[in-house]
Structure formats: structure tokens, C-alpha cells
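Colleague: Pasting a structure below so you can have a look.
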Amino acid sequence: MKKSSGLGGAGDRDDKAKAGKGYECAKCPERHPYLQSKCEKPYPNFDKQKCDACFEHGHEFQDCKGKNGNPCDLCGHGDHRKNKCSVVLGGRVPDNLSVNLLNQFTPKFREKYLAAQATPAINNPTSPTSSSQDLAVIKSPPTSPRSSQSGLQSLVKGAGALVLGEVGDLMAARRKKWAEAEKKMPKRQNVQPQSSKTEIIKANFFEITIDPRVKLCKYSITLGSTNEKDSDSSDTMTTKDGEKAQAEQKDKRKLKRETKRFLIEGLLKENPPPHKYWATDYDSIIVSKGPLYEKSTLSIDQVTQTHHYRTGRGKDSKKVIVESHVTYLGEINLQGLKNHVEKRAEFDNTSDVLKSLNIISWKTINGEGFQGGRIGNRFYPLSMVDSNEAKRETPLYRIRDGFFSSMRPGDGSLLLNVNTVTSAFFSPINLQTWMKKQWSAQPDNKVFRSKLKNVRVTFDLHYPSRIWTICGLGPRDTLGTTFEDKKDDNKKKSVFTYLRNTYREYQWTDKDQNACCINVGSQGREIWYPATQLTIVDWQIVREKMQDDYSAQMLKKGEKRPQQNKNSIRDVMGHLGLEATSFYQSFGLKPSLNLVELSPSTLGPPKLLFNDTKDQKTATINNGAWNLAEQTSFLKRGVACTSLNVINLTGKAGLEDSINIILKEMARYSLADRNIAIIVSQPGVSPSPPHLPKPSSQDVFNQGYREECRKLFNKTFLSLNQDPSKIPFMLVVLPKRDIPLYSEIKRWGDCEVGIPTVCITNDKLKKVGGDATLRANICLKINSKLKGVSHKITGSGIATSGGERGKSSGARKNTMIIGGDVTHPKEGHQNSCPSMAGIVATDQDDSSCYLGSARLQKGKEEHIVDLEGMIKERVIAWYNRTKEHPTLKVASWKGRVPTHLLFYRDGVSESQYGMVLDEEKDQILDGCRQAFEEVKKDFKNNKFKKGEKWMPKLTLLVVTKRHHARFFPYKELQKNEAGDKKIDFSLTSGKVIDTKVVDPTHRDFYLQSHHSGLGTARSGHYVVLYDDNNYALLELQQITNNLCYTSARATKAVSVCIPARYADLLCDRLRCYMKPALDGLLNNDKDEGKPVDKQAASPQRKSSTRLSVSAPADTSEDLSYIKAHEEDIRVWKAHGKTSVTRKNPWSAALDKCMFYV
């Protein structure tokens, strides 16, 4: 054992340093000429640390016999005291410490922290279906057997890994933390009108009066097991390798919803309630007026046996008894809900009560008599399906209209929200026919699964057939696919031979013999059928992006004017039982038959300035839009453009005339000199993705396509004969609208050559000579790529009562405005493809330049995992920008960091407000702390007082666009300006709705900032989660509306505020980079991908995941795929990128540019 003296063995290290060997450091593999306490590197992961005293593995400082002194009370290390801790700042460990900091603790101090954090989450676990608010019968009901918990156990194993119990325990603990965080949201204020609210509009809500005297009882349904073999087992081909998996999974299979519905229908027919006042979702819940059965409500968790029969499977099978039962969960708390909506009283389980009331409103829709489709809270009556749909040429998808409905709490009343929806469904046709229409040749399994995995089908030769779920595509046809037949001495047979012998009455043909072989089992338990004998089940919604022609059909069909929407909602009232009000009244609910009427506020547009000259004039704004062609310059010119470089991918020459017109327009806006050189590349012919009837369909992406494009782009770029560092932007001419090609251009420009690109199709380019608006819009995009500023707001229109105004938007002086979003892989790919998170933020006060940061994280993880690290980057970028400012660069440090943060979080549902507060708010503040430490190191004057701190005040809002609130003019039709025609107008821009249809307790509002020329305008919904700046709601409304006018690529107010919109655009760009992975076509075992050490693969070890029950510090889950994608040059890591610390995928040359716009 080495001897040491002082903290961390300083004496021993002094001797070695004097001997010329330097100081030994537990943080670093090499010695260095300064003490460990001066080393700025982080400590290694807790399971790889050395002792700070003797520098040996196997123990930590507090257990070392050679230590001198006590360890840090916070982190356990021995080279510093508590007040000098570099891991935890401020002398106190916060409740939500980030995982990357926690993992720097010594193992025992980490265990101590985990144990302390886990304790609050496991006290008094309760069932989510029997909470004290939702079930008013009992104050502290015992746990329901349906969702019982064994208690969330937090144990520390080995090096201190947090081990959680069942998945249900984990989710319950997460929801509990989120619910507690949601209670801390700012409460609704009594809004004072900014202007007179004389206009009356209508909203797609119906008011519901609650009678709390009615007793509503809630039951759960538990279906018994039949212990029967898999259906249609005699008609399926299961491989030998799948037999073991079949046995292991036999008791773990989840009932398909059709099977579950069939069983519950049988349960209720054979055990009919003695009255008709009940409703069920045919999944797990029954709601009843009074007891469902006699003596079924004597106590919470009372079980009532409801055994029933189901038909057996096989030709001579008998009926099989199913030992099902219903469990009484308690009485639904209508009084609590009434107090919540009418008196703004707190009510913890609003969502659970509303789910029960939704089941009541859907009694007719869920009934046997309903004809049509049901998906989640949407329904599609068959009467609305186009009668000519089946007569047309067989399409891949069918576009159908339907409705959404949901009970919601309003400010003053319970509301039923009803909206029209348009969705695409898989055509219910033969699977082989569908595949031939989609692909010109048989695709490989990855391409097939990316399109058809989990699509439900039936087998045509077995009636009635069970419903199967597609798992994958076999590599050979039905004749070439073989299996061992257990019923015939394990003889090897082909699928075709087996089926031909089994179904002799069918006339088998070469078409069946050569058919694609479809696996409808699982990857460990293959069950094969020919695609020619499978039919796609109807009413299966398409959840991914479709080809352009189908997307266009869907948009056109969904463009319903306000009056059309209102008429459609009236037509659906019968399906929701709104015409027979006695049905609702029996459940204590009395609906109004008229749409809700509201009085909105109207915010005027801000003044926009396009130049700073003495004779400056503001732009003329009409219906939220302005004509850029009227302007002669932009507000601020960016970098100099010394040549116009054009990448020609049309395969044709002769673009010079049109390019000259664009250059002339650029000169008009002072973006470039009229006489600069135009350099056009040699014509390149873009490669076509294979397996497609059309070369430009965007939904299929073969693994070699990216490399083919990359070679083409490099070849055409070399023909320019230019230094990449001297090219400020490139104009790329595409042969036509081509999504795969566009994705490749953007990734190549952003990540490989580091040059912003502006894309234009050849057809558009030909029109520039006669379209002044098109020319102006092209210049607008070019200006943003050149780091220029098109315009600014002058005069916010907000009084200065709430604090000093510095930004023209009306925000507080010295405010950084931030937007954040997360985008995910499609369903089924989340365990192999990461989600992508991005934030954008202004880089100086009164700036409209939003710079970005991006990260990969666990697939389908809803919160931003490394928000802390990205906020740190943005704050440092703000500070670095002050170095370019003549006044700020010599100012004190307080003038060089933002004083306020205004954060707009996009992509969050209303059930996730607590998640954002719990998982992200503290990350924002921690990111600021880390950035401040970097600022202090860099600040030259170094005039910091001892213990001086900085923390900006934060206002955090959630922005939602995907909601179902719609607002209509009161008058059904209005005359146009000429007065000779009645038009179905949408509402004008600037409408604010903050009464009746908003939440009774939250601070939220709807803002229709834009003018909609198509369909019915969809307002943005803004919810305040946290407000340390103490903004009045009217101030936030005006600031948000002003920000909608600051787009760098539009000549009109956009529908959501710019920071949220830009974060969404950044995530779209990240999807371009990740397209092969998102399509399920990336194989990270290939040589191009860098091998990954699984021990270092999890982002929780390297980035700033919050330590909470929802993000355990160490799990058995393999997250190595995240690191694999980060290091893969085919998606995230660009060719030639060598920095190990850089996490953003684009070139560093674009860090100060809004390249994603």
C-alpha cells in the first residue's frame, strides 16, 4: 500500500513530482504536472474508479488505510472538501441530480444517494384505478388485484445499480412523480381583457351539466384463461426452432383486441346486468349506474364471478368454460369533478374520471350495432365512406373521414369535444396484390417490415379465420420455404406442399407456388402462409408518412371549411347519443345540444421593419401576411457571397438564364454583387432507390442509396473546383420534388462539406422570371443561410408594467428564447433506432437567429435526455457571441450571460406536463450552472466575488398543435369584400381564446396567430408550466403572437411561435440524417459502423440523463444501439469527423448558422 499525506496522497505525489514524474491522478491514466485537485477532467464512472489516496482499484478513499483526512461529504472523493466539490456545486446535493454527475460519485456514496432518492417513490403505493379522488367511496382503498403492486423495491447491487421491480411498479412511480410535479404548475388567473370582447365565435365543444347525486360504479374486467392450444394450429407451419419459443410464450401472449371484445361480449350476454344503464370499452372497464350486479358493491375490490363459455377450436371441439370475473373498483367521484370545473378546485384524478365518462359517451359507438371503424378515441361511421371507393382502381390506402370525441374539463363546465378527422387506412385487399402495387420486385425483409410489420391479415382458406399479425417476409417462396412436420414424423416439407395436401378442394396454381412466404408468428416462432391467400383486415390506420399522391389526397379530403365542419359535427350527434339526452341524464350528465359560444380577444400584428435607414417604413400586413416583393432590402446582410455555386442534379444543361435572374434578385436585396461569378456543376443524374415503381417515392430507402448519392454529390461538387471554406451556400437544382434525394442533399451539405444548401426543383427554377414572389422567397431563404436577418419587430405593443423590456418581441431585457422538441422512430423500431432531440436558442438579446443543438437518445423516450448538455452549449454560444459585440465584450460578466429564459417546449401531450417539469426543468437550470463554470474559466478579468452565482429566471411553456379544439365564426357564411358572394371564412389572425374551453386550473390559452386559406384554422395551444419571470398571461399572449411574425423563411405569421417551429424543423433535419435507421434498413454490424463497447454505450453514462425513477442510473436494458448510431458514419457521424467531444452531427462550420431553416 502506498503511503500518502494530505488530501488524496498529496505528500507521496509531491515526491514523485519532484522526481520529474509528475503527479499521479485518479482521474487520468497519465501523470501531469499539477495536483489532482486542479485537474478539470471528470471522475471516471463509479465502477471504474481508483482510490484517490493510493490510486488502486478495489476500494474507495474512505476505506483506504493510507488516507489522510475525510472524504467529501457530497461525492465521497478524497482530493477536496465539500465546499470545493467539482461534482456537486453549491454545497448541497439536489434531489434530481443528473446521472452523469451521480456516476462520478464513489460507489458507496452513490448507493447512499440512490437509497435516499428511491424511498419517497415507494411509500404507500396505490392503484391508479382506485385513487382517493377518483373513487369517492373510500379514502384509502386497498390495492386493486387488477393492478396490485408488490411495492416498488429499490435495491443496490454490486457497484450501486438501481434495481426496480416490475414494469408496472416503475410506471406507477413515474406517474406519481409527474403528478406531484404537475401540482406545482402556475394557477389560472382571472384574465382581464386587453380589448373589448364584442365578437362572438363558436367552438366544437358541448357543455355537460353534472348531477353528482347519481352513483356511478366502476368495475374492471378480468378474462380467464382457457389453457387451449393456439388457434388454427392444424393449419400452420411452425419451424422446429420455434417450438421452444412457442412453449415459453404460451402463457404470456396478449389477447388481440378482437378476441378480447368477443370474450367480453360473451361474458355480458351470459351474465346480463339486471338493467340497461351500463357501458363498457370492451377492453377492461365497465361503468354502471348503481351496482352492475346485485350485491357487487359491498366493498372495494369485491370480485363477482362471471364465468362464460367460448367455442372451442377444431372440427369436433366442445365449448370451453372461461373463468372470468369483474372487480368493483369504487364509485366515480362526480362531485369532485363538478367542483374542479365549476369552482377551480384541485382534483388529482381528472383523467381517470374522464376516461370513465368517455366510455359512457361511446356506448352507441362501442355497441354491436355500430358499423364502421374504431381506433382509440376516433370512430369512422361506414355511412361516411365514399360509396364509389371499392369501384375505383385498387389503391394501397383508402382515405376516410371520421370523428374524434373526448370529455374535457372546461373553465366553468364539463365539455364534450367533437372534431372531424381524416385518416388513411390500408386497403382491405389481397396481400400479394398490395405488395405488387407497392414494390416492382420482392423487397428484402427489412423493407417489407418497415411497411407491413404488425399489419393484421386473415387466411382465406380457413373460415372463420383467426386474425394474424404480420411479423416478416421469408427469403424464399412457398415452394422453397420448408419446415419439419411434427404430425408426419418430422419430415421436411415445403409450405406449398403442406397447404396443397391440407386444402385439397382448392385449385392450387403456380401463382400460389411462387407466392411470397409471410411469417405471421414471431421471429422465434415462425408460422408461414402464402401472400396469395392472405387478406388485409379492414380499418387498420396508416401511421407513417405515405407517398406524395396519397398525402395530397389526404390533405385535400381533410380541407374542410368551418361551415362544413359544423355541419358534420351536427350529423354525428346521434352516434354520440346527444339527441337522446335521457341516456346521458341517467348517468348524471345533461349535455347541451348547441356548440359553445365564446368571446375571444384580438391581438393586432406587430410592426415589421426591413431596413434601418432614416426613411424606414414598416411592412403592410394584411390577414397576417406581407408581400416581400415590396421590400428593397433586408434588415441585416450576412457573410459576403463572392460566387454563386450551383449543384445541377437535373441531368441537363442550360440553367444559366434562370440562375442569372436569381442573381439579379440577390443583388436587388444586397445579398451579392451583380457581377459575381456563377459556377454551375457538371450535370449529375441522381440515383434511383430500387424496388420502386416510381424512382422518387420517398418511403423506401435501400442501404446503398446514401452512398450512391454521396459519390454523386462529391463528383458534381469537385466539378465546381472551389474551396469549400470559401463557399457561403450552394443552390441545388433537383429534377423534381424528391424526398429521398432532398434528405441526402441536406445531410451531405450539413454533415460532410459543411455548406448550407438551398434546394429548388427544375420546374420552379423555370418560373423565376415571371414570378416576383417566388424570387423574393428564394432570396429570403438564401439570406438566412448567409447568416443575414430579413426583418425585425419594432414596438412590441406591450406595456412596461411587468419589468424592463429589451426585446422587440416584448420579452424581458436580456432574454434567451429557446425551443425544444423530440422526434421518434416508428412503432416497433424503438429498440433498435434512437429518438432524436433538438433545441434551438437565440444567441443574443433581441436576436432572431436561433442556433441548434441535437442528441440521440433512447427510442420513444419522451423527455429530452441531455437537455442539460444542450442548454450548456447554447448559453456558452450566447457568451461567445458577446465577444463580437463592441460594447458587451468589455462589459462585466453579468452583461454577457442571459438574465431570463423563455422556453417553448413542443411535442408534449397534456398527460406529460408533469414529466416535463420533473425531467426537464432542473436540467435547464443545471445546464446554466455548468455553462457558468465555463464562463468563469474563460472570463479574462476574472472579477468574480467569492461564492458569486448566476441563475437566469425561467419561464417554461408547452406548445401543442395536435389538439382537437376548433373555432368557427358565429355567422355561417360571410360576404366577400366585393359584397357579391358569400364565403365560408375562417377566423382572422390574432384571435386569443382563454375562457370556457381552457383548463379550469392551468394557465393556458389558444392563439390563432395565422390566417388559414385552406380548411379550418388550427390554433396553437400554450400551457404555462413554470414562470419565474412572473409574466401576466396577457403579456405571454402578446409575446407569443409577436414571435409568430419573425420567421426567416415565410412572409406571413406562422401557426405556432417561431422557437417551437424551429425546434420542429431541426428535428425534421435530424430525420434526414437518420433516414436509413428510421426506415429500419441500417445494420450496425457492418464494417462501416464503428464497434461499440456496451459498457460505454448508454447515454446515461455520458450525457445528462436526470436521475429519477423514470431514468434509472443503470439497467439491464441494452442501449448500445444509441452509441452505435452516434459513431456510424452512415447516419449521425459525418465522414472525417474526429472530435470525440462534439455531439452535434452537423459540421462545426454551421454552428453559427440556421442551416436547418
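Chain identifiers are assigned as A, B, and so on, following the order in which chains appear in the C-alpha cells; residues are numbered from 1 within each chain, and ligands are numbered from 1 in order of appearance.
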Which neighbours of Asp846 (chain A) fall inside 12 Å, counting only C-alpha atoms, when residues of the same chain fewer than 4 positions from it are skipped, and could you give them as a list in words?
Modeller: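 So the residues in contact are Val789, His791, Lys792, Ile793, Thr794, Gly795, Ser796, Arg805, Gly806, Lys807, Ser808, Ser809, Gly810, Ala811, Arg812, Lys813, Asn814, Thr815, Met816, Ile817, Ala841, Thr842, Tyr850, Trp878, Pro898, Leu1043 and Thr1046 of chain A.
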Colleague: Since we have the selection now, will you write its residues out, keeping N, CA and C atoms, as a PDB file, in the first residue's frame?
Modeller:
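Below you can see part14.pdb, which holds the result:
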ATOM      1  N   VAL A 789     -30.296  38.728 -41.550  1.00  0.00           N
ATOM      2  CA  VAL A 789     -31.574  38.901 -40.862  1.00  0.00           C
ATOM      3  C   VAL A 789     -32.517  39.630 -41.807  1.00  0.00           C
ATOM      4  N   HIS A 791     -35.856  40.770 -41.196  1.00  0.00           N
ATOM      5  CA  HIS A 791     -36.653  41.850 -40.633  1.00  0.00           C
ATOM      6  C   HIS A 791     -36.685  41.726 -39.114  1.00  0.00           C
ATOM      7  N   LYS A 792     -37.241  42.727 -38.477  1.00  0.00           N
ATOM      8  CA  LYS A 792     -37.409  42.669 -37.029  1.00  0.00           C
ATOM      9  C   LYS A 792     -38.707  43.359 -36.651  1.00  0.00           C
ATOM     10  N   ILE A 793     -39.132  43.091 -35.418  1.00  0.00           N
ATOM     11  CA  ILE A 793     -40.322  43.751 -34.875  1.00  0.00           C
ATOM     12  C   ILE A 793     -39.894  45.080 -34.276  1.00  0.00           C
ATOM     13  N   THR A 794     -40.642  46.096 -34.528  1.00  0.00           N
ATOM     14  CA  THR A 794     -40.383  47.389 -33.902  1.00  0.00           C
ATOM     15  C   THR A 794     -41.610  47.787 -33.099  1.00  0.00           C
ATOM     16  N   GLY A 795     -41.445  47.807 -31.798  1.00  0.00           N
ATOM     17  CA  GLY A 795     -42.576  48.097 -30.913  1.00  0.00           C
ATOM     18  C   GLY A 795     -43.369  46.846 -30.636  1.00  0.00           C
ATOM     19  N   SER A 796     -43.309  46.356 -29.395  1.00  0.00           N
ATOM     20  CA  SER A 796     -43.938  45.088 -29.049  1.00  0.00           C
ATOM     21  C   SER A 796     -45.433  45.203 -28.820  1.00  0.00           C
ATOM     22  N   ARG A 805     -38.317  46.104 -20.536  1.00  0.00           N
ATOM     23  CA  ARG A 805     -38.425  45.452 -21.841  1.00  0.00           C
ATOM     24  C   ARG A 805     -37.156  45.713 -22.638  1.00  0.00           C
ATOM     25  N   GLY A 806     -36.561  44.671 -23.168  1.00  0.00           N
ATOM     26  CA  GLY A 806     -35.394  44.840 -24.005  1.00  0.00           C
ATOM     27  C   GLY A 806     -35.621  44.298 -25.393  1.00  0.00           C
ATOM     28  N   LYS A 807     -36.382  43.230 -25.508  1.00  0.00           N
ATOM     29  CA  LYS A 807     -36.591  42.593 -26.791  1.00  0.00           C
ATOM     30  C   LYS A 807     -37.794  43.218 -27.492  1.00  0.00           C
ATOM     31  N   SER A 808     -37.685  43.332 -28.792  1.00  0.00           N
ATOM     32  CA  SER A 808     -38.791  43.903 -29.548  1.00  0.00           C
ATOM     33  C   SER A 808     -40.024  43.009 -29.499  1.00  0.00           C
ATOM     34  N   SER A 809     -39.850  41.737 -29.154  1.00  0.00           N
ATOM     35  CA  SER A 809     -40.997  40.845 -29.019  1.00  0.00           C
ATOM     36  C   SER A 809     -41.838  41.171 -27.790  1.00  0.00           C
ATOM     37  N   GLY A 810     -41.257  41.908 -26.847  1.00  0.00           N
ATOM     38  CA  GLY A 810     -41.959  42.228 -25.608  1.00  0.00           C
ATOM     39  C   GLY A 810     -41.453  41.457 -24.416  1.00  0.00           C
ATOM     40  N   ALA A 811     -40.512  40.538 -24.631  1.00  0.00           N
ATOM     41  CA  ALA A 811     -39.947  39.784 -23.515  1.00  0.00           C
ATOM     42  C   ALA A 811     -39.045  40.681 -22.681  1.00  0.00           C
ATOM     43  N   ARG A 812     -38.694  40.215 -21.489  1.00  0.00           N
ATOM     44  CA  ARG A 812     -37.805  40.969 -20.612  1.00  0.00           C
ATOM     45  C   ARG A 812     -36.459  41.218 -21.294  1.00  0.00           C
ATOM     46  N   LYS A 813     -35.803  42.264 -20.865  1.00  0.00           N
ATOM     47  CA  LYS A 813     -34.482  42.566 -21.401  1.00  0.00           C
ATOM     48  C   LYS A 813     -33.515  41.429 -21.110  1.00  0.00           C
ATOM     49  N   ASN A 814     -32.659  41.133 -22.081  1.00  0.00           N
ATOM     50  CA  ASN A 814     -31.622  40.106 -21.944  1.00  0.00           C
ATOM     51  C   ASN A 814     -32.229  38.711 -21.778  1.00  0.00           C
ATOM     52  N   THR A 815     -33.190  38.384 -22.622  1.00  0.00           N
ATOM     53  CA  THR A 815     -33.870  37.085 -22.570  1.00  0.00           C
ATOM     54  C   THR A 815     -33.383  36.180 -23.698  1.00  0.00           C
ATOM     55  N   MET A 816     -32.970  34.972 -23.338  1.00  0.00           N
ATOM     56  CA  MET A 816     -32.699  33.938 -24.332  1.00  0.00           C
ATOM     57  C   MET A 816     -34.002  33.189 -24.591  1.00  0.00           C
ATOM     58  N   ILE A 817     -34.419  33.126 -25.855  1.00  0.00           N
ATOM     59  CA  ILE A 817     -35.647  32.420 -26.223  1.00  0.00           C
ATOM     60  C   ILE A 817     -35.254  31.064 -26.799  1.00  0.00           C
ATOM     61  N   ALA A 841     -31.935  28.099 -29.831  1.00  0.00           N
ATOM     62  CA  ALA A 841     -31.949  29.222 -28.888  1.00  0.00           C
ATOM     63  C   ALA A 841     -31.303  30.441 -29.534  1.00  0.00           C
ATOM     64  N   THR A 842     -31.813  31.616 -29.166  1.00  0.00           N
ATOM     65  CA  THR A 842     -31.226  32.859 -29.663  1.00  0.00           C
ATOM     66  C   THR A 842     -29.819  33.029 -29.099  1.00  0.00           C
ATOM     67  N   TYR A 850     -31.638  31.648 -34.288  1.00  0.00           N
ATOM     68  CA  TYR A 850     -31.755  30.537 -33.347  1.00  0.00           C
ATOM     69  C   TYR A 850     -30.765  29.451 -33.747  1.00  0.00           C
ATOM     70  N   TRP A 878     -24.148  32.001 -26.478  1.00  0.00           N
ATOM     71  CA  TRP A 878     -24.566  33.377 -26.175  1.00  0.00           C
ATOM     72  C   TRP A 878     -23.375  34.188 -25.664  1.00  0.00           C
ATOM     73  N   PRO A 898     -27.359  35.551 -20.382  1.00  0.00           N
ATOM     74  CA  PRO A 898     -28.784  35.945 -20.343  1.00  0.00           C
ATOM     75  C   PRO A 898     -29.316  36.034 -18.921  1.00  0.00           C
ATOM     76  N   LEU A1043     -43.809  36.718 -31.761  1.00  0.00           N
ATOM     77  CA  LEU A1043     -42.798  35.782 -32.243  1.00  0.00           C
ATOM     78  C   LEU A1043     -43.248  35.048 -33.495  1.00  0.00           C
ATOM     79  N   THR A1046     -41.796  36.376 -36.900  1.00  0.00           N
ATOM     80  CA  THR A1046     -40.344  36.532 -37.058  1.00  0.00           C
ATOM     81  C   THR A1046     -39.705  35.396 -37.843  1.00  0.00           C
TER      82      THR A1046
END
Colleague: From a DSSP calculation on the backbone, collect every residue of region 463-602 of chain A in alpha helix (DSSP H) and output the set as a PyMOL selection string.
Modeller: chain A and resi 495-502+510-513+548-558+562-571+581-585
Colleague: Deliver the residues from the most recent selection as a file, using C-alpha atoms, as a JSON list (two decimals), in the first residue's frame.
Modeller:
[["chain", "number", "residue", "atom", "x", "y", "z"],
["A", 495, "VAL", "CA", -45.17, -24.69, -47.16],
["A", 496, "PHE", "CA", -46.78, -25.10, -50.59],
["A", 497, "THR", "CA", -46.81, -28.92, -50.41],
["A", 498, "TYR", "CA", -48.28, -28.90, -46.91],
["A", 499, "LEU", "CA", -51.09, -26.50, -47.79],
["A", 500, "ARG", "CA", -51.90, -28.27, -51.05],
["A", 501, "ASN", "CA", -52.30, -31.56, -49.15],
["A", 502, "THR", "CA", -54.33, -29.91, -46.39],
["A", 510, "ASP", "CA", -48.19, -21.63, -59.98],
["A", 511, "LYS", "CA", -49.19, -18.23, -58.61],
["A", 512, "ASP", "CA", -49.54, -19.79, -55.15],
["A", 513, "GLN", "CA", -46.37, -21.83, -55.56],
["A", 548, "ASP", "CA", -46.86, 12.05, -52.20],
["A", 549, "ASP", "CA", -50.04, 11.26, -54.14],
["A", 550, "TYR", "CA", -51.76, 9.71, -51.12],
["A", 551, "SER", "CA", -50.61, 12.53, -48.84],
["A", 552, "ALA", "CA", -52.08, 15.01, -51.32],
["A", 553, "GLN", "CA", -55.38, 13.10, -51.36],
["A", 554, "MET", "CA", -55.48, 13.13, -47.58],
["A", 555, "LEU", "CA", -54.79, 16.86, -47.36],
["A", 556, "LYS", "CA", -57.44, 17.64, -49.95],
["A", 557, "LYS", "CA", -60.06, 15.47, -48.24],
["A", 558, "GLY", "CA", -59.20, 17.00, -44.85],
["A", 562, "PRO", "CA", -65.64, 25.92, -40.91],
["A", 563, "GLN", "CA", -69.26, 25.54, -42.01],
["A", 564, "GLN", "CA", -68.55, 22.06, -43.36],
["A", 565, "ASN", "CA", -67.05, 21.09, -40.02],
["A", 566, "LYS", "CA", -70.01, 22.42, -38.08],
["A", 567, "ASN", "CA", -72.48, 20.57, -40.29],
["A", 568, "SER", "CA", -70.52, 17.32, -39.96],
["A", 569, "ILE", "CA", -70.48, 17.63, -36.17],
["A", 570, "ARG", "CA", -74.26, 18.06, -36.15],
["A", 571, "ASP", "CA", -74.58, 14.92, -38.29],
["A", 581, "THR", "CA", -80.39, 13.19, -23.78],
["A", 582, "SER", "CA", -82.22, 10.84, -21.40],
["A", 583, "PHE", "CA", -79.38, 8.31, -21.88],
["A", 584, "TYR", "CA", -76.83, 10.79, -20.54],
["A", 585, "GLN", "CA", -79.15, 12.01, -17.78]]
Colleague: Using only C-alpha atoms, which residue out of A:Ser989, A:Lys41, A:Ala965, A:Trp539 lies closest to Leu416 (chain A)?
Modeller: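 Using only C-alpha atoms, the shortest distance to Leu416 (chain A) belongs to A:Ala965.
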Colleague: Fewer than 2 positions away in the same chain doesn't count, so skip those; otherwise give me all residues within 12 Å of region 591-593 of chain A, counting only C-alpha atoms, as a VMD selection string.
Modeller: chain A and resid 204 to 211 361 407 413 to 417 569 to 574 576 to 589 595 to 597
Colleague: With only C-alpha atoms as the counted atoms, please give the residues lying no more than 10 Å from Lys363 (chain A), apart from itself and same-chain residues fewer than 3 positions off, as a list in words.
Modeller: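 Near neighbours after the sequence-gap exclusion: Tyr277, Trp278, Ala279, Thr280, Asp281, Asn358, Ile359, Ile360, Asn366, Gly367, Glu368, Phe370, His575, Leu576, Gly577 and Phe583 of chain A.
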Colleague: Restricting it to C-alpha atoms, dump the selection as a compact mmCIF listing (two decimals), in the first residue's frame.
Modeller:
# COMPACT_ATOMS: atom_id res chain seq x y z
CA TYR A 277 -77.64 1.65 -17.63
CA TRP A 278 -74.10 0.43 -18.12
CA ALA A 279 -71.33 0.96 -20.67
CA THR A 280 -68.05 -0.77 -21.41
CA ASP A 281 -64.98 -0.20 -23.54
CA ASN A 358 -65.80 8.75 -22.30
CA ILE A 359 -66.88 5.12 -22.05
CA ILE A 360 -70.42 6.34 -21.36
CA ASN A 366 -68.86 0.60 -28.93
CA GLY A 367 -72.16 -1.26 -29.34
CA GLU A 368 -72.74 -4.18 -31.68
CA PHE A 370 -72.22 0.38 -34.95
CA HIS A 575 -73.69 8.35 -32.79
CA LEU A 576 -72.69 10.06 -29.53
CA GLY A 577 -76.21 9.84 -28.07
CA PHE A 583 -79.38 8.31 -21.88
Colleague: Env of region 1150-1157 of chain A: 6 Å cut, atoms = only C-alpha atoms, seq-sep filter 6 positions within chain, self excluded. Answer as an NGL selection string.
Modeller: :A and (756 or 785 or 787 or 1066)
